[in-house]
$ cat entry-v4.cif   # mmCIF, C-alpha atoms and all ligand atoms
data_input
loop_
_atom_site.label_atom_id
_atom_site.label_comp_id
_atom_site.auth_asym_id
_atom_site.auth_seq_id
_atom_site.Cartn_x
_atom_site.Cartn_y
_atom_site.Cartn_z
CA MET M 229 212.03 56.00 -157.39
CA SER M 230 209.21 55.17 -159.76
CA LYS M 231 207.43 51.87 -159.33
CA THR M 232 206.39 49.07 -161.69
CA ILE M 233 203.15 47.48 -160.55
CA PHE M 234 201.32 44.42 -161.86
CA ILE M 235 197.62 43.78 -161.20
CA GLY M 236 195.82 40.41 -161.39
CA ASP M 237 192.53 39.41 -163.09
CA VAL M 238 189.84 42.04 -162.38
CA HIS M 239 186.75 40.62 -164.17
CA GLY M 240 184.66 43.76 -163.79
CA CYS M 241 185.28 44.16 -160.04
CA ILE M 242 185.43 47.95 -160.11
CA GLU M 243 185.06 48.59 -156.36
CA GLU M 244 187.96 46.28 -155.56
CA LEU M 245 190.10 47.85 -158.31
CA GLU M 246 189.43 51.34 -156.94
CA SER M 247 190.21 50.27 -153.41
CA LEU M 248 193.43 48.49 -154.51
CA TRP M 249 194.42 51.62 -156.44
CA SER M 250 194.01 53.86 -153.41
CA GLN M 251 196.24 51.55 -151.38
CA LEU M 252 199.00 51.60 -154.00
CA SER M 253 199.63 55.36 -153.73
CA ILE M 254 200.54 55.66 -157.40
CA SER M 255 202.62 58.65 -158.40
CA LYS M 256 203.51 60.17 -161.75
CA GLY M 257 206.07 58.05 -163.56
CA ASP M 258 204.87 54.75 -162.10
CA ARG M 259 204.02 52.05 -164.62
CA VAL M 260 200.98 49.85 -164.03
CA ILE M 261 200.35 46.69 -166.04
CA GLN M 262 197.32 44.42 -165.70
CA VAL M 263 197.52 40.75 -166.72
CA GLY M 264 194.30 40.49 -168.80
CA ASP M 265 190.68 39.46 -168.11
CA LEU M 266 189.65 42.96 -167.10
CA ILE M 267 186.09 42.15 -168.09
CA ASN M 268 183.15 39.67 -167.75
CA LYS M 269 181.58 37.83 -164.80
CA GLY M 270 181.79 40.74 -162.33
CA PRO M 271 179.61 43.83 -161.75
CA SER M 272 180.95 46.37 -164.27
CA SER M 273 183.25 45.65 -167.18
CA ARG M 274 182.69 49.13 -168.59
CA GLU M 275 183.72 50.95 -165.43
CA VAL M 276 186.87 48.84 -165.21
CA ILE M 277 187.88 49.73 -168.78
CA GLN M 278 187.10 53.42 -168.12
CA PHE M 279 189.24 53.28 -164.99
CA CYS M 280 192.15 51.80 -166.98
CA ILE M 281 191.86 54.48 -169.67
CA LYS M 282 191.68 57.28 -167.12
CA ASN M 283 194.62 56.02 -165.07
CA LYS M 284 196.74 54.88 -168.03
CA ILE M 285 196.81 51.26 -166.92
CA GLU M 286 198.40 49.08 -169.57
CA SER M 287 196.73 45.75 -170.13
CA ILE M 288 197.03 42.68 -172.33
CA LEU M 289 194.56 40.32 -173.98
CA GLY M 290 192.96 37.69 -171.79
CA ASN M 291 190.67 34.94 -173.05
CA HIS M 292 187.66 37.09 -172.06
CA GLU M 293 188.84 40.06 -174.13
CA ILE M 294 189.48 37.75 -177.11
CA ARG M 295 186.04 36.21 -176.72
CA MET M 296 184.22 39.56 -176.51
CA LEU M 297 186.16 41.04 -179.43
CA SER M 298 185.21 38.06 -181.58
CA ILE M 299 181.52 38.33 -180.61
CA PHE M 300 181.68 42.09 -181.32
CA LYS M 301 183.22 41.49 -184.74
CA ASP M 302 180.76 38.79 -185.72
CA LYS M 303 177.34 39.69 -184.37
CA ALA M 304 175.93 36.72 -186.32
CA SER M 305 177.37 34.47 -183.64
CA LEU M 306 174.86 36.08 -181.25
CA LYS M 307 172.10 34.04 -182.86
CA SER M 308 173.82 30.75 -182.17
CA GLY M 309 172.61 30.81 -178.58
CA THR M 310 176.04 30.04 -177.17
CA ILE M 311 176.55 33.48 -175.65
CA LYS M 312 176.60 33.47 -171.87
CA ASP M 313 174.49 35.91 -169.87
CA TYR M 314 177.53 37.82 -168.61
CA GLU M 315 178.78 38.13 -172.20
CA GLN M 316 175.42 39.62 -173.21
CA ASP M 317 175.75 42.09 -170.33
CA THR M 318 179.24 43.15 -171.43
CA LEU M 319 178.13 43.48 -175.06
CA ARG M 320 175.28 45.78 -174.01
CA GLU M 321 177.48 47.79 -171.64
CA LEU M 322 180.55 48.64 -173.73
CA LYS M 323 180.73 51.76 -175.89
CA THR M 324 183.01 52.65 -178.82
CA LYS M 325 185.88 53.93 -176.66
CA ASP M 326 185.81 50.74 -174.58
CA TRP M 327 186.00 48.53 -177.68
CA GLU M 328 188.86 50.69 -178.97
CA TYR M 329 190.75 50.13 -175.73
CA LEU M 330 190.26 46.35 -176.01
CA GLN M 331 191.29 46.43 -179.69
CA SER M 332 194.50 48.22 -178.78
CA LEU M 333 195.72 45.42 -176.50
CA ASP M 334 198.47 42.97 -177.34
CA TYR M 335 199.19 39.41 -176.16
CA THR M 336 202.27 40.21 -174.13
CA ILE M 337 204.21 43.11 -172.64
CA SER M 338 207.97 42.65 -172.34
CA LEU M 339 210.18 44.50 -169.89
CA LYS M 340 213.51 43.98 -171.63
CA LYS M 341 215.87 45.33 -168.99
CA GLU M 342 214.18 43.39 -166.18
CA LYS M 343 213.82 40.25 -168.36
CA ILE M 344 210.13 40.02 -167.49
CA VAL M 345 207.27 39.05 -169.81
CA VAL M 346 203.64 39.63 -168.90
CA VAL M 347 201.14 37.22 -170.48
CA HIS M 348 197.56 36.31 -169.55
CA ALA M 349 197.71 32.52 -169.22
CA GLY M 350 201.27 31.33 -169.76
CA PHE M 351 203.62 29.59 -172.17
CA LEU M 352 204.54 26.11 -173.34
CA PRO M 353 208.04 25.56 -171.91
CA ALA M 354 209.23 23.50 -174.92
CA VAL M 355 208.38 26.21 -177.49
CA PRO M 356 210.49 29.34 -178.23
CA LEU M 357 208.84 32.51 -176.95
CA GLU M 358 208.32 34.02 -180.41
CA GLU M 359 206.55 30.85 -181.59
CA GLN M 360 203.95 30.62 -178.79
CA SER M 361 200.40 30.53 -180.16
CA ASN M 362 197.75 33.08 -179.23
CA LYS M 363 195.60 30.28 -177.86
CA VAL M 364 198.33 29.04 -175.54
CA MET M 365 199.14 32.55 -174.34
CA THR M 366 195.51 33.25 -173.39
CA LYS M 367 194.31 29.80 -172.25
CA ILE M 368 196.99 27.41 -171.02
CA GLN M 369 196.74 26.13 -167.45
CA VAL M 370 198.26 22.64 -167.41
CA ILE M 371 200.33 20.38 -169.68
CA ASP M 372 199.60 16.68 -170.29
CA ALA M 373 202.07 13.78 -170.54
CA PHE M 374 202.48 14.46 -174.29
CA GLY M 375 203.35 18.11 -173.77
CA LYS M 376 199.97 19.42 -174.94
CA PRO M 377 198.28 22.42 -173.26
CA HIS M 378 194.90 22.07 -171.47
CA LYS M 379 192.40 23.65 -169.12
CA ARG M 380 192.93 22.49 -165.53
CA ALA M 381 189.38 21.06 -165.27
CA LYS M 382 189.77 19.01 -168.48
CA CYS M 383 193.07 17.43 -167.52
CA PRO M 384 193.20 16.57 -163.81
CA ASP M 385 196.54 14.77 -164.18
CA GLY M 386 198.16 17.68 -165.98
CA VAL M 387 201.10 19.59 -164.55
CA GLU M 388 200.87 23.36 -164.26
CA TRP M 389 202.89 25.02 -167.02
CA SER M 390 204.60 27.22 -164.42
CA GLN M 391 206.05 24.14 -162.69
CA LEU M 392 207.91 23.27 -165.89
CA TRP M 393 208.87 26.83 -166.82
CA ARG M 394 212.53 27.78 -166.53
CA GLY M 395 213.39 31.38 -167.28
CA PRO M 396 214.63 33.78 -168.23
CA PRO M 397 212.35 35.53 -168.83
CA PHE M 398 210.50 35.69 -165.55
CA VAL M 399 206.78 35.42 -166.39
CA ILE M 400 203.99 37.39 -164.68
CA TYR M 401 200.52 36.01 -165.47
CA GLY M 402 196.91 35.46 -164.37
CA HIS M 403 194.13 33.15 -165.67
CA THR M 404 194.56 30.28 -163.20
CA PRO M 405 192.53 31.38 -160.18
CA LYS M 406 194.02 30.47 -156.84
CA ILE M 407 193.51 31.44 -153.23
CA LYS M 408 197.05 32.77 -152.87
CA ILE M 409 199.59 34.44 -155.14
CA ASP M 410 201.53 31.68 -156.91
CA ARG M 411 205.19 32.56 -156.67
CA LYS M 412 207.77 30.30 -158.20
CA LYS M 413 211.42 30.85 -159.09
CA TRP M 414 210.64 31.91 -162.68
CA SER M 415 206.99 33.00 -162.50
CA LEU M 416 204.39 34.89 -160.54
CA GLY M 417 200.67 34.07 -160.82
CA LEU M 418 198.51 37.01 -159.76
CA ASP M 419 194.96 35.67 -160.17
CA THR M 420 193.76 35.47 -156.59
CA SER M 421 190.10 34.89 -157.53
CA CYS M 422 188.59 38.31 -156.81
CA VAL M 423 185.43 37.66 -158.82
CA TYR M 424 185.06 34.30 -157.01
CA GLY M 425 185.03 36.02 -153.65
CA HIS M 426 188.70 36.12 -152.60
CA LYS M 427 191.21 38.89 -153.31
CA LEU M 428 192.45 41.29 -155.95
CA SER M 429 196.26 41.38 -155.92
CA ALA M 430 199.00 43.73 -157.05
CA TYR M 431 202.75 43.13 -157.08
CA ILE M 432 205.29 45.95 -156.76
CA LEU M 433 208.49 44.98 -158.55
CA GLU M 434 211.02 47.38 -157.03
CA SER M 435 210.13 46.65 -153.41
CA ASP M 436 209.20 42.99 -154.06
CA GLU M 437 205.97 43.24 -152.11
CA TRP M 438 202.30 42.72 -152.80
CA VAL M 439 199.17 44.59 -151.92
CA GLN M 440 195.77 42.87 -151.75
CA VAL M 441 192.16 43.81 -151.15
CA ASN M 442 189.34 41.45 -150.23
CA ALA M 443 186.47 40.95 -152.65
CA LYS M 444 183.29 42.66 -151.43
CA LYS M 445 181.41 39.48 -152.26
CA CYS M 446 181.46 36.38 -154.41
CA TYR M 447 180.20 37.57 -157.79
CA SER M 448 180.56 34.35 -159.72
CA TRP M 449 180.64 30.74 -158.64
CA ASN M 450 183.71 28.58 -159.11
CA ARG M 451 183.60 25.12 -157.59
CA TYR M 452 187.33 25.03 -156.79
CA ILE M 453 187.52 28.50 -155.36
CA SER M 454 184.31 30.15 -154.17
CA PRO M 455 183.92 30.21 -150.40
CA TYR M 456 180.18 30.87 -150.20
CA SER M 457 177.45 28.44 -151.11
CA GLN M 458 175.05 31.34 -151.71
CA CYS M 459 177.22 32.64 -154.53
CA ASN M 460 175.36 33.11 -157.83
CA GLU M 461 175.85 30.31 -160.29
CA SER M 462 176.87 31.62 -163.70
MN MN M 501 191.46 34.06 -168.13
#
$ encode --input "entry-v4.cif" --output "structure tokens"
Amino acid sequence: MSKTIFIGDVHGCIEELESLWSQLSISKGDRVIQVGDLINKGPSSREVIQFCIKNKIESILGNHEIRMLSIFKDKASLKSGTIKDYEQDTLRELKTKDWEYLQSLDYTISLKKEKIVVVHAGFLPAVPLEEQSNKVMTKIQVIDAFGKPHKRAKCPDGVEWSQLWRGPPFVIYGHTPKIKIDRKKWSLGLDTSCVYGHKLSAYILESDEWVQVNAKKCYSWNRYISPYSQCNES
């Protein structure tokens, strides 16, 4: 039986992606979908995109892909001095084919029969699926008392969107880095903080199991997540 596999946020962690791939024993006919944020912060955004192209991994837009595509489109913004070092690195690294891959991505992938939707960040539970904004789909983490979406760090009293989400559809997402896979009745969060020194995770739908590899190191510092004080600040 062919498998459907979902992979969490990679952020340029090519060695971990390769090692996860070898543990998944992918065969012809399997479908592999990544939840966005393939690039930035980690060691090689370009190699990760090349790996996806070569292995026909489907992906969606994360906030980091949106950000890089907008910088790429408007080079004038480079002069504003608001570009982070890792964004400069990615901009230098990527070639035409890599940009074309990023440009081909959509905000969601729907598996109709399975009633599953894959999105990078999540959804606002009070809004119909077809009316969700691009910003919400790539950035939401928590919801405030007025029902507005926010970043977790900006709204400490907010409730995670996934706690309020009632399917169908079942939502598979990334963007909110955690130590463990975040499984709820109607959602599955797959960002297990690889670039922050924890794990890269994959979920296999048909057998309902996950496969994880440990990060080789902490590539980027995150105060909530990173285990090592010697991790590079970025
Ligand atoms: Mn993200």
$ closest_residue --input "entry-v4.cif" --among "M:Asn268, M:Thr366, M:Thr310, M:Ser448" --to "ligand MN 501 (chain M)" --atoms "all atoms listed in the file"
M:Thr366
$ residues_near_ligand --input "entry-v4.cif" --ligand "ligand MN 501 (chain M)" --cutoff "6 Å" --atoms "all atoms listed in the file" --output "compact mmCIF listing (two decimals) with C-alpha atoms, in the coordinates of the input"
# COMPACT_ATOMS: atom_id res chain seq x y z
CA ASP M 265 190.68 39.46 -168.11
CA GLY M 290 192.96 37.69 -171.79
CA ASN M 291 190.67 34.94 -173.05
CA HIS M 403 194.13 33.15 -165.67
$ closest_residue --input "entry-v4.cif" --among "M:Tyr401, M:Trp449, M:Tyr329, M:Phe279" --to "Ala430 in chain M" --atoms "only C-alpha atoms"
M:Tyr401
$ closest_residue --input "entry-v4.cif" --among "M:Glu437, M:Asp302, M:Glu358, M:Glu328" --to "Val345 in chain M" --atoms "all atoms listed in the file"
M:Glu358
$ closest_residue --input "entry-v4.cif" --among "M:Ser273, M:Phe351, M:Pro396, M:Leu289" --to "Lys323 in chain M" --atoms "all atoms listed in the file"
M:Ser273
$ residues_around --input "entry-v4.cif" --residues "Glu342 in chain M" --least-positions-apart "5" --cutoff "10 Å" --atoms "all atoms listed in the file" --output "list in words"
Pro396, Pro397, Phe398 and Leu433 of chain M
